[in-house]
Number of protein chains: 2
Amino acid sequence: MLSNSAKYALKAVLYLSLNSNEEEKLMTKDISEKINVPKSYLAKILQDLSRHGVIASSKGPKGGFYLHDNNKKISLIDIIEVIDGKQRLSSCILGFHECDSENPCVLHDIMGGANNQFVKSLEETTLEDLIADLSEGSSVFPVD
Amino acid sequence: MLSNSAKYALKAVLYLSLNSNEEEKLMTKDISEKINVPKSYLAKILQDLSRHGVIASSKGPKGGFYLHDNNKKISLIDIIEVIDGKQRLSSCILGFHECDSENPCVLHDIMGGANNQFVKSLEETTLEDLIADLSEGSSVFPVD
DNA sequence: TCTTAAATATGATTTAAATCATGTTTTCAA
DNA sequence: TTGAAAACATGATTTAAATCATATTTAAGA
Ligand code: FES
Ligand code: FES
């Protein structure tokens with residue numbers, strides 16, 4: 001469904017959204033230790049996200065990764081698509097085409113359209129929304 | 001979510017349930033062509049399923065794979081677990097532990113518990129149920 | 001200006017999944 | 001009783017994802 005890389009990206013961006021801003025940037029090393037993802041692997045992912053404008057970065061001493069406020073208005077699907085592309089998420093669970101309620105495979109009903117539903121939620125949910133959930137304590141941010 | 005192998009297994013067993021019985025066994029080659037899965041890869045999967053009693057087989061000329069009636073009463077999860085094991089399906093989408101509504105990760109709500117729901121459906125749905133769906137024409141059996 | 005700390009770019013290595021290949025055993029039928 | 005047709009068992013190869021490593025660029029600060 002989601003690649004490992006995409007999961008890592010979500011965790012990293014979420015961590016950034018909670019712990020960084022223009023004045024307090026974070027280095028790859030710090031993030032990787034906190035969210036428990038191999039450092040140089042995460043580096044590659046962060047650079048990808050940065051190149052696509054999903055997160056911000058600056059080089060040199062005192063540099064690092066951080067989020068602008070408008071970065072927090074981004075929806076989750078945008079993070080995922082940078083890493084996994086558009087195809088992966090919307091494909092049928094039996095993998096024969098795009099998941100499509102008009103032309104459901106034999107497992108589609110069992111999924112209860114969960115596939116489509118999930119994608120829709122990813123489109124509609126922003127980082128800010130998640131942050132709100134977390135501060136309400138209604139969910140937990142996993143690091144392991 | 002599901003491995004490729006598990007998808008192949010589902011397709012193959014479903015194909016068997018529609019096209020085989022004690023008198024009409026099917027060879028790997030025939031199945032693989034019909035459901036569009038590499039022959040020797042599928043062979044390995046079918047042998048796995050057979051060894052675990054999910055499907056039946058007989059060797060030699062006129063041999064092949066087939067399903068007994070009671071094989072059709074098996075639930076989908078049993079097919080999947082032979083191939084993927086028990087862990088994979090029930091793990092959190094962020095992959096940090098078992099998906100658990102009592103201890104939801106930050107994406108769990110967005111999933112709408114779809115993870116758990118899906119597993120539950122797989123436990124409750126038998127091959128016979130799928131066959132019924134297909135004959136009603138309410139869903140389609142994908143081969144590509 | 002020079003050193004150093006950071007991201008960036010690029011490519012190599014490792015690992016696991018998917019796929020291929022081939023010899024062995026069983027059983028049918030002539 | 002024997003040849004061929006099938007599953008069965010095992011291992012090799014390929015491929016893609018995950019991971020590691022390292023040289024380059026940029027910018028802060030002494
Ligand atoms: S069409 Fe297969 S899961 Fe939707
Ligand atoms: S706990 Fe993460 S998806 Fe359920």
# chains A, B, ... in the order shown; residues from 1 in each chain; ligands from 1

call {"tool": "residues_around", "arguments": {"residues": "D:DA16", "least_positions_apart": "6", "cutoff": "10 Å", "atoms": "only C-alpha atoms (C1' of nucleotides)", "output": "PyMOL selection string"}}
result
chain C and resi 16-18

call {"tool": "select_by_dssp", "arguments": {"residues": "chain B", "states": "alpha helix (DSSP H)", "output": "MDAnalysis selection string"}}
result
chainID B and resid 4:19 28:35 39:51 76:84 108:111 114:124 127:136

call {"tool": "closest_atom_pairs", "arguments": {"of": "chain B", "to": "ligand 1", "cutoff": "10 Å", "atoms": "only C-alpha atoms and all ligand atoms", "output": "CSV"}}
result
residue,atom,partner,partner_atom_place_in_ligand_line,distance
B:Ser139,CA,ligand 1,1 (S),8.9
B:Val140,CA,ligand 1,1 (S),8.6
B:Phe141,CA,ligand 1,2 (Fe),9.3
B:Pro142,CA,ligand 1,2 (Fe),8.3

call {"tool": "residues_near_ligand", "arguments": {"ligand": "ligand 2", "cutoff": "12 Å", "atoms": "only C-alpha atoms (C1' of nucleotides) and all ligand atoms", "output": "PyMOL selection string"}}
result
(chain A and resi 1-2+7+11+118+138-144) or (chain B and resi 1+89-119)

call {"tool": "residues_around", "arguments": {"residues": "A:Asp30", "least_positions_apart": "3", "cutoff": "12 Å", "atoms": "only C-alpha atoms (C1' of nucleotides)", "output": "list in words"}}
result
Ala12, Tyr15, Leu16, Asn19, Ser20, Lys25, Leu26, Met27, Glu33, Lys34, Ile35, Asn36, Val37, Pro38, Lys39, Ser40, Leu42, Ala43, Gly64 and Phe65 of chain A

call {"tool": "write_last_selection", "arguments": {"atoms": "N, CA, C and O atoms", "output": "mmCIF file, in the first residue's frame"}}
result
data_model
loop_
_atom_site.group_PDB
_atom_site.id
_atom_site.type_symbol
_atom_site.label_atom_id
_atom_site.label_comp_id
_atom_site.auth_asym_id
_atom_site.auth_seq_id
_atom_site.Cartn_x
_atom_site.Cartn_y
_atom_site.Cartn_z
ATOM 1 N N ALA A 12 8.812 11.566 9.180
ATOM 2 C CA ALA A 12 9.794 12.655 9.225
ATOM 3 C C ALA A 12 9.111 14.009 9.120
ATOM 4 O O ALA A 12 9.395 14.931 9.904
ATOM 5 N N TYR A 15 7.296 14.749 12.213
ATOM 6 C CA TYR A 15 8.230 15.132 13.269
ATOM 7 C C TYR A 15 8.699 16.566 13.080
ATOM 8 O O TYR A 15 8.765 17.351 14.033
ATOM 9 N N LEU A 16 8.981 16.908 11.847
ATOM 10 C CA LEU A 16 9.386 18.286 11.547
ATOM 11 C C LEU A 16 8.293 19.269 11.903
ATOM 12 O O LEU A 16 8.558 20.342 12.461
ATOM 13 N N ASN A 19 8.406 19.820 15.561
ATOM 14 C CA ASN A 19 9.629 20.223 16.251
ATOM 15 C C ASN A 19 10.522 21.221 15.533
ATOM 16 O O ASN A 19 11.631 21.502 16.002
ATOM 17 N N SER A 20 10.071 21.724 14.417
ATOM 18 C CA SER A 20 10.943 22.654 13.706
ATOM 19 C C SER A 20 10.200 23.916 13.297
ATOM 20 O O SER A 20 8.971 23.938 13.245
ATOM 21 N N LYS A 25 16.024 24.629 13.035
ATOM 22 C CA LYS A 25 16.109 23.611 12.003
ATOM 23 C C LYS A 25 16.653 22.318 12.597
ATOM 24 O O LYS A 25 17.299 22.323 13.634
ATOM 25 N N LEU A 26 16.377 21.254 11.875
ATOM 26 C CA LEU A 26 16.808 19.941 12.370
ATOM 27 C C LEU A 26 17.689 19.242 11.348
ATOM 28 O O LEU A 26 17.393 19.256 10.154
ATOM 29 N N MET A 27 18.741 18.621 11.835
ATOM 30 C CA MET A 27 19.630 17.871 10.957
ATOM 31 C C MET A 27 19.090 16.457 10.737
ATOM 32 O O MET A 27 18.378 15.917 11.581
ATOM 33 N N GLU A 33 17.480 9.712 14.371
ATOM 34 C CA GLU A 33 17.554 9.065 15.681
ATOM 35 C C GLU A 33 16.189 9.059 16.369
ATOM 36 O O GLU A 33 15.800 8.063 16.984
ATOM 37 N N LYS A 34 15.470 10.154 16.230
ATOM 38 C CA LYS A 34 14.189 10.257 16.911
ATOM 39 C C LYS A 34 13.119 9.358 16.301
ATOM 40 O O LYS A 34 12.339 8.746 17.030
ATOM 41 N N ILE A 35 13.077 9.308 15.008
ATOM 42 C CA ILE A 35 12.009 8.502 14.399
ATOM 43 C C ILE A 35 12.500 7.104 14.018
ATOM 44 O O ILE A 35 11.766 6.312 13.423
ATOM 45 N N ASN A 36 13.758 6.846 14.329
ATOM 46 C CA ASN A 36 14.254 5.483 14.192
ATOM 47 C C ASN A 36 14.296 4.995 12.748
ATOM 48 O O ASN A 36 13.760 3.944 12.420
ATOM 49 N N VAL A 37 14.939 5.770 11.930
ATOM 50 C CA VAL A 37 15.093 5.447 10.519
ATOM 51 C C VAL A 37 16.579 5.642 10.167
ATOM 52 O O VAL A 37 17.175 6.617 10.599
ATOM 53 N N PRO A 38 17.137 4.700 9.411
ATOM 54 C CA PRO A 38 18.556 4.800 9.049
ATOM 55 C C PRO A 38 18.920 6.171 8.475
ATOM 56 O O PRO A 38 18.227 6.684 7.590
ATOM 57 N N LYS A 39 20.005 6.716 8.958
ATOM 58 C CA LYS A 39 20.376 8.095 8.657
ATOM 59 C C LYS A 39 20.512 8.380 7.154
ATOM 60 O O LYS A 39 19.858 9.291 6.628
ATOM 61 N N SER A 40 21.321 7.633 6.458
ATOM 62 C CA SER A 40 21.578 8.029 5.074
ATOM 63 C C SER A 40 20.402 7.680 4.168
ATOM 64 O O SER A 40 20.230 8.287 3.113
ATOM 65 N N LEU A 42 17.291 8.071 5.243
ATOM 66 C CA LEU A 42 16.409 9.206 5.496
ATOM 67 C C LEU A 42 16.901 10.456 4.773
ATOM 68 O O LEU A 42 16.102 11.229 4.241
ATOM 69 N N ALA A 43 18.226 10.619 4.737
ATOM 70 C CA ALA A 43 18.795 11.781 4.046
ATOM 71 C C ALA A 43 18.267 11.866 2.625
ATOM 72 O O ALA A 43 17.840 12.918 2.152
ATOM 73 N N GLY A 64 19.775 22.954 8.030
ATOM 74 C CA GLY A 64 18.970 21.791 8.386
ATOM 75 C C GLY A 64 17.639 21.829 7.669
ATOM 76 O O GLY A 64 17.436 22.607 6.735
ATOM 77 N N PHE A 65 16.747 20.993 8.127
ATOM 78 C CA PHE A 65 15.409 20.933 7.534
ATOM 79 C C PHE A 65 14.396 21.557 8.475
ATOM 80 O O PHE A 65 14.562 21.542 9.693
#

call {"tool": "residues_around", "arguments": {"residues": "A:Leu76", "least_positions_apart": "3", "cutoff": "8 Å", "atoms": "only C-alpha atoms (C1' of nucleotides)", "output": "ChimeraX atom specification"}}
result
/A:10,79-80,122-127

call {"tool": "closest_atom_pairs", "arguments": {"of": "chain B", "to": "chain C", "cutoff": "9 Å", "atoms": "only C-alpha atoms (C1' of nucleotides)", "output": "Markdown table"}}
result
| residue | atom | partner | partner_atom | distance |
| --- | --- | --- | --- | --- |
| B:Ser3 | CA | C:DA17 | C1' | 8.8 |
| B:Asn4 | CA | C:DA18 | C1' | 8.3 |
| B:Ser5 | CA | C:DA18 | C1' | 8.4 |
| B:Pro38 | CA | C:DT19 | C1' | 7.6 |
| B:Ser40 | CA | C:DC20 | C1' | 7.0 |
| B:Tyr41 | CA | C:DT19 | C1' | 6.2 |
| B:Ser58 | CA | C:DT27 | C1' | 8.7 |
| B:Lys59 | CA | C:DT26 | C1' | 5.9 |
| B:Gly60 | CA | C:DT27 | C1' | 4.5 |
| B:Pro61 | CA | C:DC28 | C1' | 5.3 |
| B:Lys62 | CA | C:DC28 | C1' | 7.1 |
| B:Gly63 | CA | C:DT27 | C1' | 8.4 |

call {"tool": "select_by_dssp", "arguments": {"residues": "chain A", "states": "strand (DSSP E)", "output": "ChimeraX atom specification"}}
result
/A:56-58,64-66

call {"tool": "write_last_selection", "arguments": {"atoms": "N, CA, C and O atoms", "output": "short mmCIF file (atom, residue, chain, number, x, y, z; two decimals), in the first residue's frame"}}
result
data_model
loop_
_atom_site.label_atom_id
_atom_site.label_comp_id
_atom_site.auth_asym_id
_atom_site.auth_seq_id
_atom_site.Cartn_x
_atom_site.Cartn_y
_atom_site.Cartn_z
N ALA A 56 11.29 22.51 3.73
CA ALA A 56 12.32 23.52 3.42
C ALA A 56 13.65 23.07 3.99
O ALA A 56 13.70 22.27 4.91
N SER A 57 14.73 23.62 3.43
CA SER A 57 16.06 23.26 3.94
C SER A 57 17.02 24.42 3.73
O SER A 57 16.77 25.31 2.91
N SER A 58 18.08 24.41 4.51
CA SER A 58 19.18 25.32 4.19
C SER A 58 20.50 24.62 4.48
O SER A 58 20.61 23.83 5.41
N GLY A 64 19.77 22.95 8.03
CA GLY A 64 18.97 21.79 8.39
C GLY A 64 17.64 21.83 7.67
O GLY A 64 17.44 22.61 6.74
N PHE A 65 16.75 20.99 8.13
CA PHE A 65 15.41 20.93 7.53
C PHE A 65 14.40 21.56 8.47
O PHE A 65 14.56 21.54 9.69
N TYR A 66 13.36 22.12 7.88
CA TYR A 66 12.32 22.75 8.69
C TYR A 66 11.07 22.92 7.86
O TYR A 66 11.08 22.66 6.65
#

call {"tool": "interface_residues", "arguments": {"of": "chain D", "to": "chain B", "cutoff": "8 Å", "atoms": "only C-alpha atoms (C1' of nucleotides)", "output": "number ranges by chain"}}
result
D: 4-8

call {"tool": "atom_distance", "arguments": {"atom1": "atom CA of A:Ile31", "atom2": "atom CA of A:Ile131"}}
result
17.4 Å

call {"tool": "atom_distance", "arguments": {"atom1": "atom CA of A:Asp48", "atom2": "atom CA of A:Ile83"}}
result
7.5 Å

call {"tool": "atom_distance", "arguments": {"atom1": "atom CA of A:Asp69", "atom2": "atom CA of A:Asn21"}}
result
8.2 Å

call {"tool": "decode", "arguments": {"residues": "stretch 46-66 of chain A", "atoms": "N, CA, C and O atoms", "output": "short mmCIF file (atom, residue, chain, number, x, y, z; two decimals), in the first residue's frame"}}
result
data_model
loop_
_atom_site.label_atom_id
_atom_site.label_comp_id
_atom_site.auth_asym_id
_atom_site.auth_seq_id
_atom_site.Cartn_x
_atom_site.Cartn_y
_atom_site.Cartn_z
N LEU A 46 14.60 12.95 2.64
CA LEU A 46 14.43 14.36 2.97
C LEU A 46 14.83 15.25 1.79
O LEU A 46 14.18 16.26 1.51
N GLN A 47 15.88 14.84 1.12
CA GLN A 47 16.31 15.63 -0.04
C GLN A 47 15.27 15.60 -1.14
O GLN A 47 15.03 16.61 -1.83
N ASP A 48 14.67 14.45 -1.31
CA ASP A 48 13.57 14.34 -2.27
C ASP A 48 12.44 15.30 -1.92
O ASP A 48 11.93 16.04 -2.77
N LEU A 49 12.05 15.27 -0.67
CA LEU A 49 10.93 16.10 -0.22
C LEU A 49 11.27 17.58 -0.38
O LEU A 49 10.44 18.38 -0.79
N SER A 50 12.50 17.90 -0.06
CA SER A 50 12.95 19.28 -0.16
C SER A 50 12.93 19.75 -1.62
O SER A 50 12.44 20.83 -1.94
N ARG A 51 13.46 18.91 -2.48
CA ARG A 51 13.51 19.26 -3.90
C ARG A 51 12.12 19.52 -4.45
O ARG A 51 11.93 20.35 -5.34
N HIS A 52 11.13 18.82 -3.90
CA HIS A 52 9.76 19.00 -4.38
C HIS A 52 8.99 20.03 -3.58
O HIS A 52 7.78 20.17 -3.73
N GLY A 53 9.67 20.72 -2.68
CA GLY A 53 9.01 21.82 -1.98
C GLY A 53 8.07 21.40 -0.87
O GLY A 53 7.31 22.23 -0.36
N VAL A 54 8.10 20.15 -0.52
CA VAL A 54 7.24 19.69 0.56
C VAL A 54 7.78 20.14 1.92
O VAL A 54 7.03 20.42 2.84
N ILE A 55 9.09 20.19 2.02
CA ILE A 55 9.73 20.73 3.21
C ILE A 55 10.77 21.75 2.77
O ILE A 55 11.08 21.85 1.58
N ALA A 56 11.29 22.51 3.73
CA ALA A 56 12.32 23.52 3.42
C ALA A 56 13.65 23.07 3.99
O ALA A 56 13.70 22.27 4.91
N SER A 57 14.73 23.62 3.43
CA SER A 57 16.06 23.26 3.94
C SER A 57 17.02 24.42 3.73
O SER A 57 16.77 25.31 2.91
N SER A 58 18.08 24.41 4.51
CA SER A 58 19.18 25.32 4.19
C SER A 58 20.50 24.62 4.48
O SER A 58 20.61 23.83 5.41
N LYS A 59 21.47 24.93 3.66
CA LYS A 59 22.78 24.28 3.73
C LYS A 59 23.67 24.95 4.77
O LYS A 59 23.35 26.00 5.30
N GLY A 60 24.80 24.34 4.96
CA GLY A 60 25.85 24.96 5.77
C GLY A 60 25.60 24.90 7.25
O GLY A 60 24.58 24.38 7.71
N PRO A 61 26.55 25.46 8.03
CA PRO A 61 26.41 25.46 9.49
C PRO A 61 25.10 26.12 9.88
O PRO A 61 24.65 27.05 9.22
N LYS A 62 24.51 25.63 10.92
CA LYS A 62 23.19 26.11 11.37
C LYS A 62 22.08 25.75 10.39
O LYS A 62 20.94 26.23 10.54
N GLY A 63 22.45 25.00 9.40
CA GLY A 63 21.43 24.62 8.42
C GLY A 63 20.65 23.42 8.90
O GLY A 63 20.84 22.93 10.02
N GLY A 64 19.77 22.95 8.03
CA GLY A 64 18.97 21.79 8.39
C GLY A 64 17.64 21.83 7.67
O GLY A 64 17.44 22.61 6.74
N PHE A 65 16.75 20.99 8.13
CA PHE A 65 15.41 20.93 7.53
C PHE A 65 14.40 21.56 8.47
O PHE A 65 14.56 21.54 9.69
N TYR A 66 13.36 22.12 7.88
CA TYR A 66 12.32 22.75 8.69
C TYR A 66 11.07 22.92 7.86
O TYR A 66 11.08 22.66 6.65
#
